[in-house]
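A.B. asks: Below you'll find run20.cif; it's mmCIF, C-alpha atoms; chains and numbers go by the auth columns.
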```cif
data_work
loop_
_atom_site.group_PDB
_atom_site.id
_atom_site.type_symbol
_atom_site.label_atom_id
_atom_site.label_comp_id
_atom_site.label_asym_id
_atom_site.label_seq_id
_atom_site.Cartn_x
_atom_site.Cartn_y
_atom_site.Cartn_z
_atom_site.B_iso_or_equiv
_atom_site.auth_seq_id
_atom_site.auth_asym_id
ATOM 1 C CA GLU A 1 4.072 -2.521 23.021 0.00 1 A
ATOM 2 C CA ALA A 2 4.368 -3.269 26.749 0.00 2 A
ATOM 3 C CA GLN A 3 7.134 -1.144 28.148 0.00 3 A
ATOM 4 C CA VAL A 4 8.606 1.068 30.834 0.00 4 A
ATOM 5 C CA THR A 5 9.551 4.482 29.495 0.00 5 A
ATOM 6 C CA GLN A 6 12.082 6.721 31.185 0.00 6 A
ATOM 7 C CA ASN A 7 12.964 10.268 30.279 0.00 7 A
ATOM 8 C CA PRO A 8 15.403 11.712 29.663 0.00 8 A
ATOM 9 C CA ARG A 9 17.931 9.075 28.529 0.00 9 A
ATOM 10 C CA TYR A 10 20.862 11.385 29.218 0.00 10 A
ATOM 11 C CA LEU A 11 21.095 14.386 31.520 0.00 11 A
ATOM 12 C CA ILE A 12 23.962 16.631 32.562 0.00 12 A
ATOM 13 C CA THR A 13 23.148 19.074 35.325 0.00 13 A
ATOM 14 C CA VAL A 14 24.842 21.249 37.927 0.00 14 A
ATOM 15 C CA THR A 15 25.026 20.719 41.654 0.00 15 A
ATOM 16 C CA GLY A 16 21.923 21.920 43.465 0.00 16 A
ATOM 17 C CA LYS A 17 19.601 22.299 40.491 0.00 17 A
ATOM 18 C CA LYS A 18 16.428 20.324 41.120 0.00 18 A
ATOM 19 C CA LEU A 19 15.559 17.709 38.524 0.00 19 A
ATOM 20 C CA THR A 20 12.951 15.057 37.862 0.00 20 A
ATOM 21 C CA VAL A 21 13.381 11.817 35.951 0.00 21 A
ATOM 22 C CA THR A 22 10.063 10.516 34.704 0.00 22 A
ATOM 23 C CA CYS A 23 8.983 6.889 34.514 0.00 23 A
ATOM 24 C CA SER A 24 5.806 5.566 32.963 0.00 24 A
ATOM 25 C CA GLN A 25 4.560 2.021 32.360 0.00 25 A
ATOM 26 C CA ASN A 26 1.656 0.896 30.170 0.00 26 A
ATOM 27 C CA MET A 27 1.146 -2.580 31.641 0.00 27 A
ATOM 28 C CA ASN A 28 -1.149 -1.661 34.566 0.00 28 A
ATOM 29 C CA HIS A 29 1.559 -2.866 36.952 0.00 29 A
ATOM 30 C CA GLU A 30 1.037 -2.301 40.653 0.00 30 A
ATOM 31 C CA TYR A 31 4.675 -2.395 41.711 0.00 31 A
ATOM 32 C CA MET A 32 7.286 0.140 40.570 0.00 32 A
ATOM 33 C CA SER A 33 10.835 0.750 41.691 0.00 33 A
ATOM 34 C CA TRP A 34 13.902 2.882 41.067 0.00 34 A
ATOM 35 C CA TYR A 35 17.455 1.526 40.977 0.00 35 A
ATOM 36 C CA ARG A 36 20.828 3.077 40.468 0.00 36 A
ATOM 37 C CA GLN A 37 23.678 1.191 38.836 0.00 37 A
ATOM 38 C CA ASP A 38 27.292 2.012 39.625 0.00 38 A
ATOM 39 C CA PRO A 39 30.462 0.175 38.538 0.00 39 A
ATOM 40 C CA GLY A 40 31.333 -2.580 40.991 0.00 40 A
ATOM 41 C CA LEU A 41 28.188 -2.019 43.046 0.00 41 A
ATOM 42 C CA GLY A 42 25.525 -3.547 40.820 0.00 42 A
ATOM 43 C CA LEU A 43 21.889 -2.462 41.067 0.00 43 A
ATOM 44 C CA ARG A 44 20.857 -0.797 44.285 0.00 44 A
ATOM 45 C CA GLN A 45 17.267 0.010 45.084 0.00 45 A
ATOM 46 C CA ILE A 46 16.413 3.647 45.833 0.00 46 A
ATOM 47 C CA TYR A 47 12.643 3.642 46.386 0.00 47 A
ATOM 48 C CA TYR A 48 9.745 1.402 45.552 0.00 48 A
ATOM 49 C CA SER A 49 5.983 1.637 45.409 0.00 49 A
ATOM 50 C CA MET A 50 3.537 -1.208 45.929 0.00 50 A
ATOM 51 C CA ASN A 51 0.575 0.804 44.657 0.00 51 A
ATOM 52 C CA VAL A 52 -0.811 4.309 44.243 0.00 52 A
ATOM 53 C CA GLU A 53 0.082 6.552 47.182 0.00 53 A
ATOM 54 C CA VAL A 54 2.182 3.752 48.758 0.00 54 A
ATOM 55 C CA THR A 55 5.949 4.306 48.616 0.00 55 A
ATOM 56 C CA ASP A 56 8.859 3.109 50.724 0.00 56 A
ATOM 57 C CA LYS A 57 12.619 3.451 50.962 0.00 57 A
ATOM 58 C CA GLY A 58 15.005 0.987 49.407 0.00 58 A
ATOM 59 C CA ASP A 59 18.675 0.581 50.283 0.00 59 A
ATOM 60 C CA VAL A 60 19.963 4.004 49.140 0.00 60 A
ATOM 61 C CA PRO A 61 17.137 6.584 49.471 0.00 61 A
ATOM 62 C CA GLU A 62 19.178 9.564 50.716 0.00 62 A
ATOM 63 C CA GLY A 63 18.942 12.571 48.409 0.00 63 A
ATOM 64 C CA TYR A 64 15.948 11.243 46.467 0.00 64 A
ATOM 65 C CA LYS A 65 12.183 11.635 46.571 0.00 65 A
ATOM 66 C CA VAL A 66 9.421 9.814 44.726 0.00 66 A
ATOM 67 C CA SER A 67 5.690 10.084 44.326 0.00 67 A
ATOM 68 C CA ARG A 68 2.991 7.728 43.030 0.00 68 A
ATOM 69 C CA LYS A 69 -0.125 9.754 42.330 0.00 69 A
ATOM 70 C CA GLU A 70 -1.185 7.575 39.391 0.00 70 A
ATOM 71 C CA LYS A 71 -0.636 3.879 38.785 0.00 71 A
ATOM 72 C CA ARG A 72 1.333 4.344 35.567 0.00 72 A
ATOM 73 C CA ASN A 73 3.793 7.056 36.699 0.00 73 A
ATOM 74 C CA PHE A 74 6.592 6.971 39.241 0.00 74 A
ATOM 75 C CA PRO A 75 8.874 10.014 38.953 0.00 75 A
ATOM 76 C CA LEU A 76 12.235 10.243 40.709 0.00 76 A
ATOM 77 C CA ILE A 77 13.044 13.663 42.129 0.00 77 A
ATOM 78 C CA LEU A 78 16.453 14.980 43.082 0.00 78 A
ATOM 79 C CA GLU A 79 15.805 18.164 45.058 0.00 79 A
ATOM 80 C CA SER A 80 19.461 19.202 45.273 0.00 80 A
ATOM 81 C CA PRO A 81 21.628 16.913 43.149 0.00 81 A
ATOM 82 C CA SER A 82 25.236 16.325 44.142 0.00 82 A
ATOM 83 C CA PRO A 83 28.136 14.766 42.183 0.00 83 A
ATOM 84 C CA ASN A 84 27.830 11.473 44.121 0.00 84 A
ATOM 85 C CA GLN A 85 24.425 11.029 42.473 0.00 85 A
ATOM 86 C CA THR A 86 26.105 10.722 39.084 0.00 86 A
ATOM 87 C CA SER A 87 24.941 7.286 38.027 0.00 87 A
ATOM 88 C CA LEU A 88 22.846 5.189 35.662 0.00 88 A
ATOM 89 C CA TYR A 89 19.248 5.044 36.857 0.00 89 A
ATOM 90 C CA PHE A 90 16.648 2.412 36.038 0.00 90 A
ATOM 91 C CA CYS A 91 12.944 2.376 36.623 0.00 91 A
ATOM 92 C CA ALA A 92 11.286 -1.035 36.839 0.00 92 A
ATOM 93 C CA SER A 93 7.773 -2.356 37.257 0.00 93 A
ATOM 94 C CA SER A 94 6.086 -5.629 38.115 0.00 94 A
ATOM 95 C CA PHE A 95 2.516 -6.894 37.954 0.00 95 A
ATOM 96 C CA ALA A 96 2.199 -7.434 41.700 0.00 96 A
ATOM 97 C CA TRP A 97 4.083 -6.543 44.850 0.00 97 A
ATOM 98 C CA ASP A 98 5.469 -10.060 45.225 0.00 98 A
ATOM 99 C CA VAL A 99 7.437 -9.525 41.978 0.00 99 A
ATOM 100 C CA SER A 100 7.542 -13.303 41.404 0.00 100 A
ATOM 101 C CA SER A 101 7.361 -12.686 37.663 0.00 101 A
ATOM 102 C CA GLY A 102 10.324 -10.363 37.765 0.00 102 A
ATOM 103 C CA TYR A 103 10.660 -6.749 36.785 0.00 103 A
ATOM 104 C CA THR A 104 10.360 -5.044 33.437 0.00 104 A
ATOM 105 C CA PHE A 105 13.076 -2.411 33.240 0.00 105 A
ATOM 106 C CA GLY A 106 13.227 0.871 31.401 0.00 106 A
ATOM 107 C CA SER A 107 16.184 1.680 29.147 0.00 107 A
ATOM 108 C CA GLY A 108 17.903 3.804 31.761 0.00 108 A
ATOM 109 C CA THR A 109 18.784 7.444 32.435 0.00 109 A
ATOM 110 C CA ARG A 110 22.438 8.369 32.574 0.00 110 A
ATOM 111 C CA LEU A 111 22.777 11.314 34.950 0.00 111 A
ATOM 112 C CA THR A 112 25.908 13.402 35.367 0.00 112 A
ATOM 113 C CA VAL A 113 26.039 16.036 38.117 0.00 113 A
ATOM 114 C CA VAL A 114 28.912 18.510 37.811 0.00 114 A
ATOM 115 C CA GLY B 1 20.850 -4.785 53.412 0.00 1 B
ATOM 116 C CA GLN B 2 20.952 -8.303 52.109 0.00 2 B
ATOM 117 C CA GLN B 3 23.498 -9.140 49.437 0.00 3 B
ATOM 118 C CA LEU B 4 24.025 -11.753 46.819 0.00 4 B
ATOM 119 C CA ASN B 5 27.533 -12.918 45.975 0.00 5 B
ATOM 120 C CA GLN B 6 27.776 -13.345 42.241 0.00 6 B
ATOM 121 C CA SER B 7 30.824 -14.853 40.567 0.00 7 B
ATOM 122 C CA PRO B 8 32.843 -14.495 38.545 0.00 8 B
ATOM 123 C CA GLN B 9 32.901 -10.721 38.226 0.00 9 B
ATOM 124 C CA SER B 10 33.981 -10.960 34.603 0.00 10 B
ATOM 125 C CA MET B 11 34.766 -13.578 31.988 0.00 11 B
ATOM 126 C CA PHE B 12 36.655 -13.468 28.713 0.00 12 B
ATOM 127 C CA ILE B 13 35.910 -16.485 26.570 0.00 13 B
ATOM 128 C CA GLN B 14 36.258 -17.738 23.029 0.00 14 B
ATOM 129 C CA GLU B 15 33.203 -18.095 20.822 0.00 15 B
ATOM 130 C CA GLY B 16 31.833 -21.617 21.120 0.00 16 B
ATOM 131 C CA GLU B 17 32.892 -22.145 24.730 0.00 17 B
ATOM 132 C CA ASP B 18 30.443 -22.896 27.513 0.00 18 B
ATOM 133 C CA VAL B 19 29.980 -20.395 30.350 0.00 19 B
ATOM 134 C CA SER B 20 29.003 -20.918 33.956 0.00 20 B
ATOM 135 C CA MET B 21 28.240 -18.329 36.627 0.00 21 B
ATOM 136 C CA ASN B 22 26.603 -18.530 40.034 0.00 22 B
ATOM 137 C CA CYS B 23 25.071 -16.631 42.907 0.00 23 B
ATOM 138 C CA THR B 24 25.074 -17.444 46.592 0.00 24 B
ATOM 139 C CA SER B 25 23.367 -15.905 49.566 0.00 25 B
ATOM 140 C CA SER B 26 23.345 -16.330 53.317 0.00 26 B
ATOM 141 C CA SER B 27 19.544 -16.005 53.187 0.00 27 B
ATOM 142 C CA ILE B 28 16.909 -18.280 51.755 0.00 28 B
ATOM 143 C CA PHE B 29 15.142 -17.085 48.626 0.00 29 B
ATOM 144 C CA ASN B 30 11.895 -18.382 47.209 0.00 30 B
ATOM 145 C CA THR B 31 12.494 -17.105 43.687 0.00 31 B
ATOM 146 C CA TRP B 32 15.664 -16.756 41.637 0.00 32 B
ATOM 147 C CA LEU B 33 15.782 -14.683 38.482 0.00 33 B
ATOM 148 C CA TRP B 34 18.494 -14.237 35.873 0.00 34 B
ATOM 149 C CA TYR B 35 18.749 -11.064 33.790 0.00 35 B
ATOM 150 C CA LYS B 36 20.953 -9.929 30.922 0.00 36 B
ATOM 151 C CA GLN B 37 21.877 -6.311 30.309 0.00 37 B
ATOM 152 C CA ASP B 38 23.058 -5.323 26.852 0.00 38 B
ATOM 153 C CA PRO B 39 25.281 -2.229 26.620 0.00 39 B
ATOM 154 C CA GLY B 40 23.202 0.932 26.914 0.00 40 B
ATOM 155 C CA GLU B 41 19.991 -0.890 27.820 0.00 41 B
ATOM 156 C CA GLY B 42 18.059 -2.023 30.851 0.00 42 B
ATOM 157 C CA PRO B 43 18.226 -5.609 32.141 0.00 43 B
ATOM 158 C CA VAL B 44 15.949 -8.131 30.460 0.00 44 B
ATOM 159 C CA LEU B 45 14.612 -11.229 32.198 0.00 45 B
ATOM 160 C CA LEU B 46 16.102 -14.493 30.882 0.00 46 B
ATOM 161 C CA ILE B 47 14.936 -17.190 33.264 0.00 47 B
ATOM 162 C CA ALA B 48 12.800 -17.366 36.411 0.00 48 B
ATOM 163 C CA LEU B 49 13.045 -20.207 38.955 0.00 49 B
ATOM 164 C CA TYR B 50 10.440 -20.863 41.634 0.00 50 B
ATOM 165 C CA LYS B 51 11.218 -24.216 43.289 0.00 51 B
ATOM 166 C CA ALA B 52 14.283 -25.636 45.007 0.00 52 B
ATOM 167 C CA GLY B 53 16.025 -28.027 42.628 0.00 53 B
ATOM 168 C CA GLU B 54 14.247 -26.638 39.577 0.00 54 B
ATOM 169 C CA LEU B 55 16.231 -26.755 36.346 0.00 55 B
ATOM 170 C CA THR B 56 14.972 -24.524 33.537 0.00 56 B
ATOM 171 C CA SER B 57 16.240 -23.918 30.011 0.00 57 B
ATOM 172 C CA ASN B 58 15.769 -21.062 27.571 0.00 58 B
ATOM 173 C CA GLY B 59 17.506 -21.935 24.324 0.00 59 B
ATOM 174 C CA ARG B 60 21.233 -22.253 25.055 0.00 60 B
ATOM 175 C CA LEU B 61 20.711 -20.999 28.619 0.00 61 B
ATOM 176 C CA THR B 62 20.113 -23.298 31.580 0.00 62 B
ATOM 177 C CA ALA B 63 19.594 -22.182 35.153 0.00 63 B
ATOM 178 C CA GLN B 64 19.078 -24.081 38.386 0.00 64 B
ATOM 179 C CA PHE B 65 17.568 -23.188 41.748 0.00 65 B
ATOM 180 C CA GLY B 66 19.841 -24.690 44.403 0.00 66 B
ATOM 181 C CA ILE B 67 18.512 -27.308 46.777 0.00 67 B
ATOM 182 C CA THR B 68 19.433 -25.235 49.816 0.00 68 B
ATOM 183 C CA ARG B 69 17.511 -22.272 48.298 0.00 69 B
ATOM 184 C CA LYS B 70 20.594 -20.145 48.921 0.00 70 B
ATOM 185 C CA ASP B 71 22.181 -20.414 45.500 0.00 71 B
ATOM 186 C CA SER B 72 21.566 -20.532 41.795 0.00 72 B
ATOM 187 C CA PHE B 73 23.655 -20.965 38.687 0.00 73 B
ATOM 188 C CA LEU B 74 23.379 -20.038 35.020 0.00 74 B
ATOM 189 C CA ASN B 75 25.048 -21.907 32.174 0.00 75 B
ATOM 190 C CA ILE B 76 25.363 -20.717 28.603 0.00 76 B
ATOM 191 C CA SER B 77 26.330 -23.344 26.066 0.00 77 B
ATOM 192 C CA ALA B 78 28.219 -22.729 22.820 0.00 78 B
ATOM 193 C CA SER B 79 28.588 -18.985 23.358 0.00 79 B
ATOM 194 C CA ILE B 80 28.197 -16.555 20.468 0.00 80 B
ATOM 195 C CA PRO B 81 29.220 -12.876 20.152 0.00 81 B
ATOM 196 C CA SER B 82 25.715 -11.601 20.956 0.00 82 B
ATOM 197 C CA ASP B 83 25.957 -13.205 24.406 0.00 83 B
ATOM 198 C CA VAL B 84 28.182 -10.256 25.386 0.00 84 B
ATOM 199 C CA GLY B 85 26.722 -8.233 28.234 0.00 85 B
ATOM 200 C CA ILE B 86 26.282 -8.187 31.988 0.00 86 B
ATOM 201 C CA TYR B 87 24.363 -11.023 33.602 0.00 87 B
ATOM 202 C CA PHE B 88 22.612 -10.401 36.907 0.00 88 B
ATOM 203 C CA CYS B 89 21.108 -12.817 39.328 0.00 89 B
ATOM 204 C CA ALA B 90 18.260 -11.622 41.529 0.00 90 B
ATOM 205 C CA GLY B 91 16.596 -13.261 44.492 0.00 91 B
ATOM 206 C CA ARG B 92 13.188 -12.672 45.938 0.00 92 B
ATOM 207 C CA THR B 93 12.940 -12.567 49.696 0.00 93 B
ATOM 208 C CA LEU B 94 9.952 -13.124 51.888 0.00 94 B
ATOM 209 C CA ARG B 95 10.430 -9.801 53.619 0.00 95 B
ATOM 210 C CA ARG B 96 7.767 -7.508 52.236 0.00 96 B
ATOM 211 C CA SER B 97 9.337 -4.401 53.705 0.00 97 B
ATOM 212 C CA GLN B 98 12.456 -4.717 51.549 0.00 98 B
ATOM 213 C CA GLY B 99 10.724 -4.486 48.188 0.00 99 B
ATOM 214 C CA ASN B 100 11.572 -8.078 47.601 0.00 100 B
ATOM 215 C CA LEU B 101 14.152 -8.312 44.796 0.00 101 B
ATOM 216 C CA ILE B 102 17.873 -8.300 45.681 0.00 102 B
ATOM 217 C CA PHE B 103 20.425 -8.179 42.838 0.00 103 B
ATOM 218 C CA GLY B 104 23.909 -9.569 42.516 0.00 104 B
ATOM 219 C CA LYS B 105 26.670 -7.260 41.270 0.00 105 B
ATOM 220 C CA GLY B 106 26.744 -8.856 37.859 0.00 106 B
ATOM 221 C CA THR B 107 29.021 -10.971 35.686 0.00 107 B
ATOM 222 C CA LYS B 108 30.438 -9.160 32.680 0.00 108 B
ATOM 223 C CA LEU B 109 30.815 -11.527 29.751 0.00 109 B
ATOM 224 C CA SER B 110 33.102 -10.842 26.797 0.00 110 B
ATOM 225 C CA VAL B 111 33.167 -13.218 23.835 0.00 111 B
ATOM 226 C CA LYS B 112 36.018 -13.278 21.359 0.00 112 B
ATOM 227 C CA PRO B 113 34.936 -14.301 17.847 0.00 113 B
#
```
Take the structure in the file and give it back as C-alpha cells.
C.D. replies:
Amino acid sequence: EAQVTQNPRYLITVTGKKLTVTCSQNMNHEYMSWYRQDPGLGLRQIYYSMNVEVTDKGDVPEGYKVSRKEKRNFPLILESPSPNQTSLYFCASSFAWDVSSGYTFGSGTRLTVV
Amino acid sequence: GQQLNQSPQSMFIQEGEDVSMNCTSSSIFNTWLWYKQDPGEGPVLLIALYKAGELTSNGRLTAQFGITRKDSFLNISASIPSDVGIYFCAGRTLRRSQGNLIFGKGTKLSVKP
C-alpha cells in the first residue's frame, strides 16, 4: 500500500531532551515536507526537501532540523525541544517538486513537551 | 509568508443540508487543492483544480477554480454524518523557493444527524 509512515504517533517528552520523528514513504516521491498543525493556525510548513541532500526552510523552521540522506526518509529533529513545540506534526510527500498532484500525508505525530 | 483566507472557520449543519466554503488569496495560484482531515488522521486529497474556471466533481463534492485565479470554492451536497472533519484548501504558487503549497486554516464541519 502506498503510504507515508510517521513514528511515533504520540510522544510526551521533557524540555531539552533531543528527539527525532521519523518519516518514510514507499512511493519513490522526490518531494517531502514537514508541517505542524496548531488550533487556529492551520498547517504551517517547517522544512521541505526537493530531493536527496536538498532541503530548505519553510515558514516556521526555528528549533527544527531535517536531513534527507535517502529518498524515502525525511526525519524531523528537535535538538532541544521547548513547550512551544507542542503540536501535531505531519510529514507529506509528492511525486515531484511542483506538487501539482498534491501531497500524500502521514497520519501525524502528536508531540507534547513538558 | 503568503496566506490563504478560508471561510467559514466552522459550520454546524443538519444532515441533508448543502455546504459551501471558499478560499481567497491576494496572490495568483496555478493549482488549487481541497483536502479533508478526519479526526486523528492526516489530510486526504479530495479534489485538484488546474485551470481557471475549472469545475470538478467528486461524488457529492464540487469545487471550482476561480476565474481570477485568486479564489476557489468547495460545495458538498446533501451532507451526511461522515462528512464531519476539517476541510483545507491549498494553493500552489509559482515561487519554487517557498515549497509551493500554501494551506488555508481550515473549515471545521459538524453535521447533526
A.B. asks: Counting only C-alpha atoms, which residues of chain A come no farther than 6 Å from chain B, as a PyMOL selection string?
C.D. replies: chain A and resi 41-42+105-108
A.B. asks: Mind giving me the straight-line distance from CA of Asn28 (chain A) to CA of Thr55 (chain A) in Å, one decimal?
C.D. replies: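 CA of Asn28 (chain A) sits 16.8 Å away from CA of Thr55 (chain A).
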A.B. asks: CA of Leu109 (chain B) to CA of Gly66 (chain B): how many Å, to one decimal?
C.D. replies: 22.5 Å
A.B. asks: Just say which residues the PyMOL selection byres ((chain A and resi 61) around 10) picks in this file, as a list of chain:residue names.
C.D. replies: A:Trp34, A:Tyr35, A:Arg44, A:Gln45, A:Ile46, A:Tyr47, A:Tyr48, A:Asp56, A:Lys57, A:Gly58, A:Asp59, A:Val60, A:Glu62, A:Gly63, A:Tyr64, A:Lys65, A:Val66
A.B. asks: Could the residues in this selection be written to a file with C-alpha atoms, as an mmCIF file, keeping the file's coordinate frame?
C.D. replies:
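result-v7.cif written:
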```cif
data_model
loop_
_atom_site.group_PDB
_atom_site.id
_atom_site.type_symbol
_atom_site.label_atom_id
_atom_site.label_comp_id
_atom_site.auth_asym_id
_atom_site.auth_seq_id
_atom_site.Cartn_x
_atom_site.Cartn_y
_atom_site.Cartn_z
ATOM 1 C CA TRP A 34 13.902 2.882 41.067
ATOM 2 C CA TYR A 35 17.455 1.526 40.977
ATOM 3 C CA ARG A 44 20.857 -0.797 44.285
ATOM 4 C CA GLN A 45 17.267 0.010 45.084
ATOM 5 C CA ILE A 46 16.413 3.647 45.833
ATOM 6 C CA TYR A 47 12.643 3.642 46.386
ATOM 7 C CA TYR A 48 9.745 1.402 45.552
ATOM 8 C CA ASP A 56 8.859 3.109 50.724
ATOM 9 C CA LYS A 57 12.619 3.451 50.962
ATOM 10 C CA GLY A 58 15.005 0.987 49.407
ATOM 11 C CA ASP A 59 18.675 0.581 50.283
ATOM 12 C CA VAL A 60 19.963 4.004 49.140
ATOM 13 C CA GLU A 62 19.178 9.564 50.716
ATOM 14 C CA GLY A 63 18.942 12.571 48.409
ATOM 15 C CA TYR A 64 15.948 11.243 46.467
ATOM 16 C CA LYS A 65 12.183 11.635 46.571
ATOM 17 C CA VAL A 66 9.421 9.814 44.726
#
```
A.B. asks: Between CA of Cys23 (chain A) and CA of Ser93 (chain A), what is the distance in Å, rounded to a tenth?
C.D. replies: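 Between these atoms lies a distance of 9.7 Å.
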A.B. asks: Would you kindly translate the PyMOL selection byres ((chain B and resi 113) around 10) into the concrete residues it picks from this file, as a list in words?
C.D. replies: Ile13, Gln14, Glu15, Gly16, Ser79, Ile80, Pro81, Ser110, Val111 and Lys112 of chain B
A.B. asks: Run the PyMOL selection byres ((chain A and resi 70) around 10) against the file shown and list the residues it catches, as a PyMOL selection string.
C.D. replies: chain A and resi 24+51-53+67-69+71-74
A.B. asks: Tell me, as a PyMOL selection string, which residues lie within 7 Å of Cys23 (chain B), counting all atoms listed in the file; anything in the same chain fewer than 6 positions away does not count.
C.D. replies: chain B and resi 4-7+71-73+89
A.B. asks: For a cutoff of 9 Å around the file-coordinate point (17.3, 9.3, 36.1), which residues qualify once you count only C-alpha atoms? I'd like the result as a PyMOL selection string.
C.D. replies: chain A and resi 6-11+19-23+34+36+75-77+87-91+108-111
